[in-house]
Every structure is written in structure tokens, then in C-alpha cells.
file query26.cif (mmCIF, C-alpha atoms)
data_target
#
loop_
_atom_site.label_atom_id
_atom_site.label_comp_id
_atom_site.auth_asym_id
_atom_site.auth_seq_id
_atom_site.Cartn_x
_atom_site.Cartn_y
_atom_site.Cartn_z
CA MET T 1 -18.39 2.85 -16.91
CA LYS T 2 -15.96 5.73 -16.91
CA ILE T 3 -14.12 6.66 -13.72
CA ARG T 4 -15.69 10.13 -13.66
CA ARG T 5 -19.24 8.75 -13.74
CA TYR T 6 -18.35 6.13 -11.12
CA LYS T 7 -17.02 8.83 -8.77
CA LYS T 8 -20.18 10.89 -9.18
CA VAL T 9 -22.61 8.08 -8.44
CA SER T 10 -20.57 6.85 -5.44
CA LYS T 11 -20.42 10.42 -4.10
CA TYR T 12 -24.20 10.94 -4.41
CA LEU T 13 -25.04 7.54 -2.92
CA SER T 14 -22.71 8.13 0.03
CA PHE T 15 -24.55 11.43 0.64
CA TYR T 16 -27.93 9.66 0.78
CA ARG T 17 -26.50 6.86 2.94
CA ALA T 18 -24.97 9.27 5.46
CA HIS T 19 -27.85 11.75 5.79
CA PHE T 20 -31.04 9.88 4.84
CA GLY T 21 -30.39 6.27 5.88
CA PHE T 22 -30.18 4.60 2.43
CA HIS T 23 -28.64 1.13 2.44
CA SER T 24 -28.08 -1.96 0.33
CA PRO T 25 -30.05 -3.47 -1.35
CA TYR T 26 -31.31 -0.26 -3.00
CA LEU T 27 -35.02 -0.14 -3.83
CA VAL T 28 -35.64 1.26 -7.35
CA VAL T 29 -39.14 2.17 -8.62
CA ILE T 30 -39.31 2.09 -12.44
CA ASP T 31 -41.94 3.80 -14.60
CA GLY T 32 -42.94 3.42 -18.26
CA PHE T 33 -40.99 6.44 -19.55
CA PHE T 34 -37.74 4.98 -18.24
CA CYS T 35 -38.46 1.61 -19.83
CA GLN T 36 -39.32 3.26 -23.17
CA LYS T 37 -36.01 5.12 -23.20
CA ALA T 38 -34.11 1.93 -22.32
CA LEU T 39 -35.85 0.11 -25.18
CA GLU T 40 -34.91 2.84 -27.69
CA ASN T 41 -31.22 2.63 -26.68
CA LYS T 42 -31.22 -1.18 -26.28
CA VAL T 43 -30.24 -1.15 -22.59
CA ASN T 44 -30.83 -4.20 -20.41
CA LEU T 45 -32.11 -2.74 -17.12
CA ASN T 46 -31.67 -5.95 -15.10
CA GLU T 47 -27.93 -5.87 -15.85
CA GLN T 48 -27.13 -2.16 -16.09
CA ILE T 49 -28.89 -0.73 -12.99
CA PRO T 50 -27.00 -2.93 -10.44
CA LYS T 51 -23.79 -2.37 -12.39
CA TYR T 52 -24.24 1.41 -12.35
CA LEU T 53 -25.16 1.66 -8.65
CA GLY T 54 -22.38 -0.77 -7.75
CA ASP T 55 -24.40 -2.77 -5.21
CA GLN T 56 -27.39 -5.07 -4.79
CA VAL T 57 -30.65 -3.68 -6.17
CA LYS T 58 -34.32 -4.62 -5.93
CA MET T 59 -36.33 -3.31 -8.90
CA PHE T 60 -40.11 -3.09 -8.93
CA THR T 61 -43.02 -1.17 -10.35
CA THR T 62 -46.70 -0.58 -9.51
CA LEU T 63 -50.03 -1.63 -11.03
CA CYS T 64 -50.71 2.01 -11.91
CA VAL T 65 -47.56 2.12 -14.09
CA ILE T 66 -48.51 -1.15 -15.85
CA ASN T 67 -52.06 0.08 -16.51
CA GLU T 68 -50.79 3.40 -17.90
CA THR T 69 -48.45 1.70 -20.40
CA GLN T 70 -51.25 -0.65 -21.42
CA GLU T 71 -53.67 2.23 -22.05
CA LEU T 72 -51.14 4.01 -24.31
CA GLY T 73 -51.47 1.15 -26.83
CA LYS T 74 -48.95 0.33 -29.57
CA SER T 75 -46.71 3.34 -28.86
CA ALA T 76 -45.83 1.95 -25.43
CA TYR T 77 -46.16 -1.77 -26.16
CA GLY T 78 -42.40 -2.43 -25.74
CA ALA T 79 -42.27 -0.45 -22.49
CA HIS T 80 -45.35 -2.39 -21.27
CA CYS T 81 -43.56 -5.71 -21.91
CA ILE T 82 -40.44 -4.55 -20.01
CA VAL T 83 -42.40 -3.16 -17.03
CA LYS T 84 -44.27 -6.43 -16.54
CA GLN T 85 -40.93 -8.21 -15.91
CA PHE T 86 -40.42 -6.45 -12.56
CA SER T 87 -42.08 -7.35 -9.28
CA ILE T 88 -45.11 -5.29 -8.26
CA ARG T 89 -45.10 -3.16 -5.13
CA LYS T 90 -48.46 -2.69 -3.44
CA CYS T 91 -50.00 0.76 -3.63
CA ASP T 92 -53.28 2.24 -2.42
CA HIS T 93 -54.77 2.39 -5.94
CA SER T 94 -55.27 -1.30 -6.74
CA LYS T 95 -59.06 -0.86 -7.17
CA ASN T 96 -58.99 2.61 -8.73
CA PRO T 97 -55.76 3.09 -10.73
CA VAL T 98 -54.33 6.61 -10.99
CA PRO T 99 -51.63 8.09 -13.30
CA ALA T 100 -48.17 6.64 -12.73
CA SER T 101 -46.66 9.95 -11.58
CA GLN T 102 -49.38 10.40 -8.94
CA CYS T 103 -48.92 6.83 -7.73
CA ILE T 104 -45.14 7.21 -7.35
CA LEU T 105 -45.50 10.56 -5.54
CA SER T 106 -47.96 9.05 -3.05
CA MET T 107 -45.53 6.17 -2.47
CA ILE T 108 -42.62 8.56 -1.81
CA GLY T 109 -44.62 10.74 0.60
CA GLU T 110 -43.11 13.83 2.20
CA ASN T 111 -39.87 12.34 3.56
CA ASN T 112 -39.33 9.13 1.52
CA ASN T 113 -39.30 6.95 4.63
CA ASP T 114 -38.95 3.75 2.55
CA HIS T 115 -35.70 5.05 0.93
CA LEU T 116 -36.85 4.60 -2.66
CA ILE T 117 -34.86 5.55 -5.78
CA VAL T 118 -37.15 6.65 -8.64
CA ALA T 119 -36.09 5.69 -12.18
CA THR T 120 -38.00 7.96 -14.54
CA ASN T 121 -37.65 10.11 -17.66
CA ASP T 122 -40.92 11.97 -17.01
CA LEU T 123 -39.96 15.67 -16.72
CA THR T 124 -43.10 16.72 -14.80
CA LEU T 125 -42.58 13.93 -12.26
CA THR T 126 -38.88 14.81 -11.96
CA GLU T 127 -39.66 18.46 -11.11
CA LYS T 128 -42.06 17.39 -8.37
CA LEU T 129 -39.60 14.86 -6.94
CA ARG T 130 -36.91 17.55 -6.69
CA GLU T 131 -39.08 19.39 -4.18
CA LEU T 132 -39.03 16.39 -1.83
CA PRO T 133 -35.99 15.87 0.43
CA GLY T 134 -34.06 12.62 0.26
CA CYS T 135 -35.39 11.34 -3.07
CA PRO T 136 -32.71 10.16 -5.57
CA ILE T 137 -33.69 10.35 -9.25
CA LEU T 138 -32.27 7.96 -11.84
CA TYR T 139 -32.72 8.93 -15.50
CA MET T 140 -31.59 7.72 -18.91
CA LYS T 141 -29.59 9.92 -21.29
CA LEU T 142 -28.91 8.30 -24.66
CA SER T 143 -27.55 4.86 -23.70
CA ALA T 144 -26.15 5.88 -20.30
CA MET T 145 -27.79 5.96 -16.88
CA ASN T 146 -27.30 8.95 -14.62
CA LEU T 147 -28.07 9.58 -10.97
CA GLU T 148 -29.11 13.19 -10.48
CA LYS T 149 -27.19 15.20 -7.91
CA PRO T 150 -28.99 15.87 -4.59
CA SER T 151 -31.65 18.56 -4.96
CA GLU T 152 -31.79 21.83 -3.02
CA ALA T 153 -34.51 20.36 -0.80
CA SER T 154 -32.19 17.47 0.16
CA LEU T 155 -29.28 19.82 0.87
CA LYS T 156 -31.52 22.10 2.94
CA MET T 157 -32.81 19.14 4.95
CA ASP T 158 -29.22 18.03 5.53
CA GLY T 159 -28.39 21.49 6.95
CA GLU T 160 -31.36 21.35 9.33
CA ILE T 161 -30.31 17.91 10.57
CA LYS T 162 -26.78 19.20 11.29
CA ARG T 163 -28.16 22.22 13.16
CA LYS T 164 -30.33 19.99 15.33
CA LEU T 165 -27.37 17.76 16.14
CA LEU T 166 -25.18 20.74 17.00
CA GLY T 167 -27.97 22.22 19.13
CA SER T 168 -28.39 19.00 21.09
CA GLU T 169 -24.63 18.82 21.69
CA SER T 170 -24.52 22.40 23.00
CA VAL T 171 -27.42 21.67 25.37
CA GLN T 172 -25.59 18.63 26.71
CA LEU T 173 -22.41 20.65 27.25
CA GLU T 174 -24.31 23.34 29.18
CA HIS T 175 -25.90 20.66 31.34
CA LEU T 176 -22.51 19.11 32.12
CA ASN T 177 -21.01 22.50 32.98
CA SER T 178 -23.86 23.23 35.40
CA ILE T 179 -23.27 19.88 37.15
CA LYS T 180 -19.53 20.63 37.43
CA GLU T 181 -20.25 24.02 39.03
CA ARG T 182 -22.55 22.43 41.60
CA VAL T 183 -20.11 19.71 42.58
CA LEU T 184 -16.74 21.42 42.28
CA GLY T 185 -17.81 25.05 42.71
CA SER T 186 -17.42 27.91 40.32
CA GLN T 187 -14.21 28.48 38.43
CA GLU T 188 -13.58 31.78 40.29
CA SER T 189 -13.58 30.14 43.71
CA ALA T 190 -11.33 27.39 42.38
CA ASN T 191 -8.88 29.95 41.05
CA ARG T 192 -8.85 31.84 44.39
CA SER T 193 -8.15 28.68 46.36
CA LYS T 194 -5.01 28.07 44.34
CA ARG T 195 -1.90 29.53 46.01
CA LYS T 196 0.89 30.95 43.99
CA ARG T 197 4.26 29.50 44.87
CA LYS T 198 7.49 31.39 44.61
CA GLY T 199 9.18 30.35 41.47
CA GLY T 200 12.93 30.02 41.13
CA PRO T 201 15.03 29.81 38.04
CA ASN T 202 14.26 27.05 35.66
CA PRO T 203 16.83 24.30 36.32
CA LEU T 204 16.72 23.30 32.67
CA SER T 205 17.73 26.79 31.53
CA CYS T 206 20.68 27.07 33.96
CA LYS T 207 24.13 25.98 32.86
CA LYS T 208 25.79 23.18 34.74
CA LYS T 209 29.04 23.88 36.58
CA LYS T 210 32.01 22.33 34.91
CA PRO T 211 34.23 20.28 37.27
CA LYS T 212 37.84 21.41 37.66
CA THR T 213 40.13 19.16 35.73
CA GLU T 214 43.38 18.07 37.41
CA PRO T 215 46.37 16.95 35.39
CA SER T 216 46.28 13.24 35.15
CA ASN T 217 49.16 10.86 35.65
CA ASP T 218 49.25 10.21 31.92
CA VAL T 219 50.15 13.85 31.25
CA GLU T 220 52.99 13.71 33.80
CA LYS T 221 54.35 10.58 32.21
CA GLU T 222 54.30 12.24 28.81
CA THR T 223 56.36 15.19 30.11
CA GLU T 224 58.89 12.83 31.69
CA ASP T 225 59.22 10.79 28.56
CA ASN T 226 59.29 13.82 26.27
CA PRO T 227 61.96 16.31 27.34
CA SER T 228 60.77 18.75 24.66
CA LYS T 229 57.57 19.31 26.66
CA ARG T 230 59.42 20.18 29.90
CA PRO T 231 59.73 23.90 30.90
CA ARG T 232 63.02 25.44 29.76
CA ARG T 233 65.51 26.82 32.31
CA ARG T 234 67.64 29.87 31.75
CA ARG T 235 71.34 29.09 31.43
CA LYS T 236 73.97 31.22 33.22
CA LEU T 237 76.43 33.00 31.00
CA LYS T 238 80.07 32.20 31.61
CA VAL T 239 82.16 35.37 32.02
CA ALA T 240 85.93 35.40 31.70
CA LYS T 241 87.97 36.19 34.81
CA HIS T 242 89.54 39.39 33.52
CA ILE T 243 86.15 40.70 32.40
CA ARG T 244 84.59 39.72 35.75
CA LYS T 245 87.29 41.66 37.63
CA LEU T 246 86.76 44.65 35.38
CA LEU T 247 83.01 44.61 35.99
CA GLU T 248 83.44 44.21 39.73
CA SER T 249 85.78 47.19 39.80
CA HIS T 250 83.00 49.27 38.30
CA ASP T 251 80.39 47.88 40.79
CA ILE T 252 78.58 45.80 38.17
CA ASP T 253 77.24 42.33 38.88
CA PRO T 254 78.74 40.05 36.22
CA ASP T 255 75.86 37.48 36.62
CA SER T 256 73.11 40.01 35.76
CA ARG T 257 71.95 40.25 32.14
CA TYR T 258 71.28 43.94 32.21
#
call {"tool": "encode", "arguments": {"input": "query26.cif", "output": "C-alpha cells"}}
result
Amino acid sequence: MKIRRYKKVSKYLSFYRAHFGFHSPYLVVIDGFFCQKALENKVNLNEQIPKYLGDQVKMFTTLCVINETQELGKSAYGAHCIVKQFSIRKCDHSKNPVPASQCILSMIGENNNDHLIVATNDLTLTEKLRELPGCPILYMKLSAMNLEKPSEASLKMDGEIKRKLLGSESVQLEHLNSIKERVLGSQESANRSKRKRKGGPNPLSCKKKKPKTEPSNDVEKETEDNPSKRPRRRRKLKVAKHIRKLLESHDIDPDSRY
């Protein structure tokens, strides 16, 4: 089976499992039209149906389906032989058989409470089954089986179920809120009782004060060892004696640089 077909069937089955309670082993009702199509394409139903659905399957038919294939004579002899291989599910028409489509519809009912999958190639029966919610339809196309996508009735029923669940949840929330108001009081009174405190600056946003760094002993040792790092002193200029006397005679300090 191709990956695309496998993804489709697993997606549709997961929908029916999640919203309509389908589970393994799947119960498959088979009619004469489906068996006739399988015979024409040489498909072994006992092997291919479990392989296609990917899980355990219980296949059965009804006495009404067997009687209908028998009444059709030679044209449906092969389908009659295949149908007789499956186990028979009891129906309400054992004494007075009815057409196969009518028997299957009565077995499905309005809501398909027994979680049945109908395997049929009868177009009139398929159209009627599409109107019922939660009824998967398995049909044969050439030599391949196909599970029909969920009908509009199934999707509509799924939406109603979701609305009911959401409605029940909202009712529960309202009930819880009413209990809270009774016990703890209304939200307005709770807000009034709260006192506002004076807020200061956020300590995380403020910068930390940097400590004053004092010169360490290591720095002093470096200056002692390295004379180049010591502060330079100004040297006094040596002035000759005759120039000093000349400057002093003119009231000029010979030690000044200006």
C-alpha cells in the first residue's frame, strides 16, 4: 500500500476513534456487491481488509445478504460463495428476509452505536449511509480498497459534540467563580483592601558605588625599583659669579628662570 493511501486511512480512522468511539478489533459488515467487485479484481478479502485498516478486524455478514445473492442466481454465484465464508451477525429479519441494503441500514440505526464499518459498492446504500453520522464506508475501486472520508453528517455531529463540551466547561467555570465570590468576596472589595505601598527606586536598576582604590604596596615597590617611573625634579641652573654679580646689580634674582 502506498504511503499516501496509508496516511488517508489512518487519518480517517483516528477521526472515528476520537469522536465516535471506534476501537480495535474493527467490525466490518460486508454485502454482496462488495464481494462481487473483489471477485472481479481477484482480491482476497480475508487478507486485504486487515492489511488495509492496519489492525485487527472481525468480518461478518447477515442472512439477508446471503439470501439476496442466492436469489440473483448465476450472475452472483461467485459473490454468494464468498459471502458464505464470513460469520453471520443476527438481524431482526431471520424469519422474513428483506433486501440487503434495508437490513444493513436497520443494523446501523441512527447513531451506529455498535461502531460498524460497512463494506459495500451499492451506490444507493452508500448515499443513505452518508446521511448517518459516524458510519465509515469501505468500497472497492479496481483492485484497491478505499475508506471514504467522513461525511458531512459526521463532521456536523463532531461540531455539536465539541459545542456541548465547551458549554459544559463554561458552566463549570461560572459555578467555580460564584463559589469564589461567596468565600473570598468580590474582586472589587479585594482590590480595595489592598494597600499601596510607597515604592522606591528599583535596586536592580541602580548602579553600585565603586570603592576607592588605594595604591597598593606593589605599585610603590615598582616605583622604587624603577627610577624612570619616579616624578622628575627641576634642576637649578648654575650661574657664573661675574654674571650673578651683574644680575644682582640690576636687581634681578639669578636663581629665577624668568
call {"tool": "resolve_selection", "arguments": {"input": "query26.cif", "expression": "the PyMOL selection byres ((chain T and resi 93) around 12)", "output": "list in words"}}
result
Thr62, Leu63, Cys64, Val65, Asn67, Arg89, Lys90, Cys91, Asp92, Ser94, Lys95, Asn96, Pro97, Val98, Pro99, Ala100, Gln102, Cys103, Ile104, Ser106 and Met107 of chain T
call {"tool": "resolve_selection", "arguments": {"input": "query26.cif", "expression": "the PyMOL selection byres ((chain T and resi 9) around 9)", "output": "PDB file with C-alpha atoms, in the frame of the given file"}}
result
ATOM      1  CA  ARG T   4     -15.690  10.130 -13.660  1.00  0.00           C
ATOM      2  CA  ARG T   5     -19.240   8.750 -13.740  1.00  0.00           C
ATOM      3  CA  TYR T   6     -18.350   6.130 -11.120  1.00  0.00           C
ATOM      4  CA  LYS T   7     -17.020   8.830  -8.770  1.00  0.00           C
ATOM      5  CA  LYS T   8     -20.180  10.890  -9.180  1.00  0.00           C
ATOM      6  CA  SER T  10     -20.570   6.850  -5.440  1.00  0.00           C
ATOM      7  CA  LYS T  11     -20.420  10.420  -4.100  1.00  0.00           C
ATOM      8  CA  TYR T  12     -24.200  10.940  -4.410  1.00  0.00           C
ATOM      9  CA  LEU T  13     -25.040   7.540  -2.920  1.00  0.00           C
ATOM     10  CA  SER T  14     -22.710   8.130   0.030  1.00  0.00           C
ATOM     11  CA  TYR T  52     -24.240   1.410 -12.350  1.00  0.00           C
ATOM     12  CA  LEU T  53     -25.160   1.660  -8.650  1.00  0.00           C
ATOM     13  CA  GLY T  54     -22.380  -0.770  -7.750  1.00  0.00           C
ATOM     14  CA  ASN T 146     -27.300   8.950 -14.620  1.00  0.00           C
ATOM     15  CA  LEU T 147     -28.070   9.580 -10.970  1.00  0.00           C
ATOM     16  CA  GLU T 148     -29.110  13.190 -10.480  1.00  0.00           C
ATOM     17  CA  LYS T 149     -27.190  15.200  -7.910  1.00  0.00           C
TER      18      LYS T 149
END
call {"tool": "residues_around", "arguments": {"input": "query26.cif", "residues": "Thr120 in chain T", "least_positions_apart": "3", "cutoff": "7 Å", "atoms": "all atoms listed in the file", "output": "list of chain:residue names"}}
result
T:Ile30, T:Asp31, T:Phe33, T:Phe34, T:Leu138, T:Tyr139
call {"tool": "residues_around", "arguments": {"input": "query26.cif", "residues": "Val29 in chain T", "least_positions_apart": "6", "cutoff": "7 Å", "atoms": "all atoms listed in the file", "output": "CSV table (one decimal) with C-alpha atoms, in the coordinates of the input"}}
result
chain,number,residue,atom,x,y,z
T,59,MET,CA,-36.3,-3.3,-8.9
T,60,PHE,CA,-40.1,-3.1,-8.9
T,61,THR,CA,-43.0,-1.2,-10.4
T,116,LEU,CA,-36.8,4.6,-2.7
T,117,ILE,CA,-34.9,5.6,-5.8
T,118,VAL,CA,-37.2,6.6,-8.6
T,119,ALA,CA,-36.1,5.7,-12.2
call {"tool": "residues_around", "arguments": {"input": "query26.cif", "residues": "range 71-86 of chain T", "least_positions_apart": "3", "cutoff": "6 Å", "atoms": "all atoms listed in the file", "output": "MDAnalysis selection string"}}
result
chainID T and resid 32 35:36 60 68
call {"tool": "atom_distance", "arguments": {"input": "query26.cif", "atom1": "CA of Leu27 in chain T", "atom2": "CA of Val57 in chain T"}}
result
6.1 Å
call {"tool": "atom_distance", "arguments": {"input": "query26.cif", "atom1": "CA of Ser87 in chain T", "atom2": "CA of Ser154 in chain T"}}
result
28.3 Å
call {"tool": "atom_distance", "arguments": {"input": "query26.cif", "atom1": "CA of Glu127 in chain T", "atom2": "CA of Ile108 in chain T"}}
result
13.9 Å
call {"tool": "axis_aligned_box", "arguments": {"input": "query26.cif", "around": "range 89-104 of chain T", "padding_each_side": "5 Å", "output": "JSON"}}
result
{"center_x": -52.1, "center_y": 3.6, "center_z": -7.9, "size_x": 24.0, "size_y": 23.6, "size_z": 20.9}
call {"tool": "closest_residue", "arguments": {"input": "query26.cif", "among": "T:Leu247, T:Pro136, T:Val43, T:Ser101", "to": "Leu123 in chain T", "atoms": "all atoms listed in the file"}}
result
T:Ser101
call {"tool": "closest_residue", "arguments": {"input": "query26.cif", "among": "T:His250, T:Arg182, T:His19, T:Lys37", "to": "Leu155 in chain T", "atoms": "only C-alpha atoms"}}
result
T:His19
call {"tool": "closest_residue", "arguments": {"input": "query26.cif", "among": "T:Ala144, T:Cys206, T:Ala240, T:Leu176", "to": "Lys2 in chain T", "atoms": "all atoms listed in the file"}}
result
T:Ala144
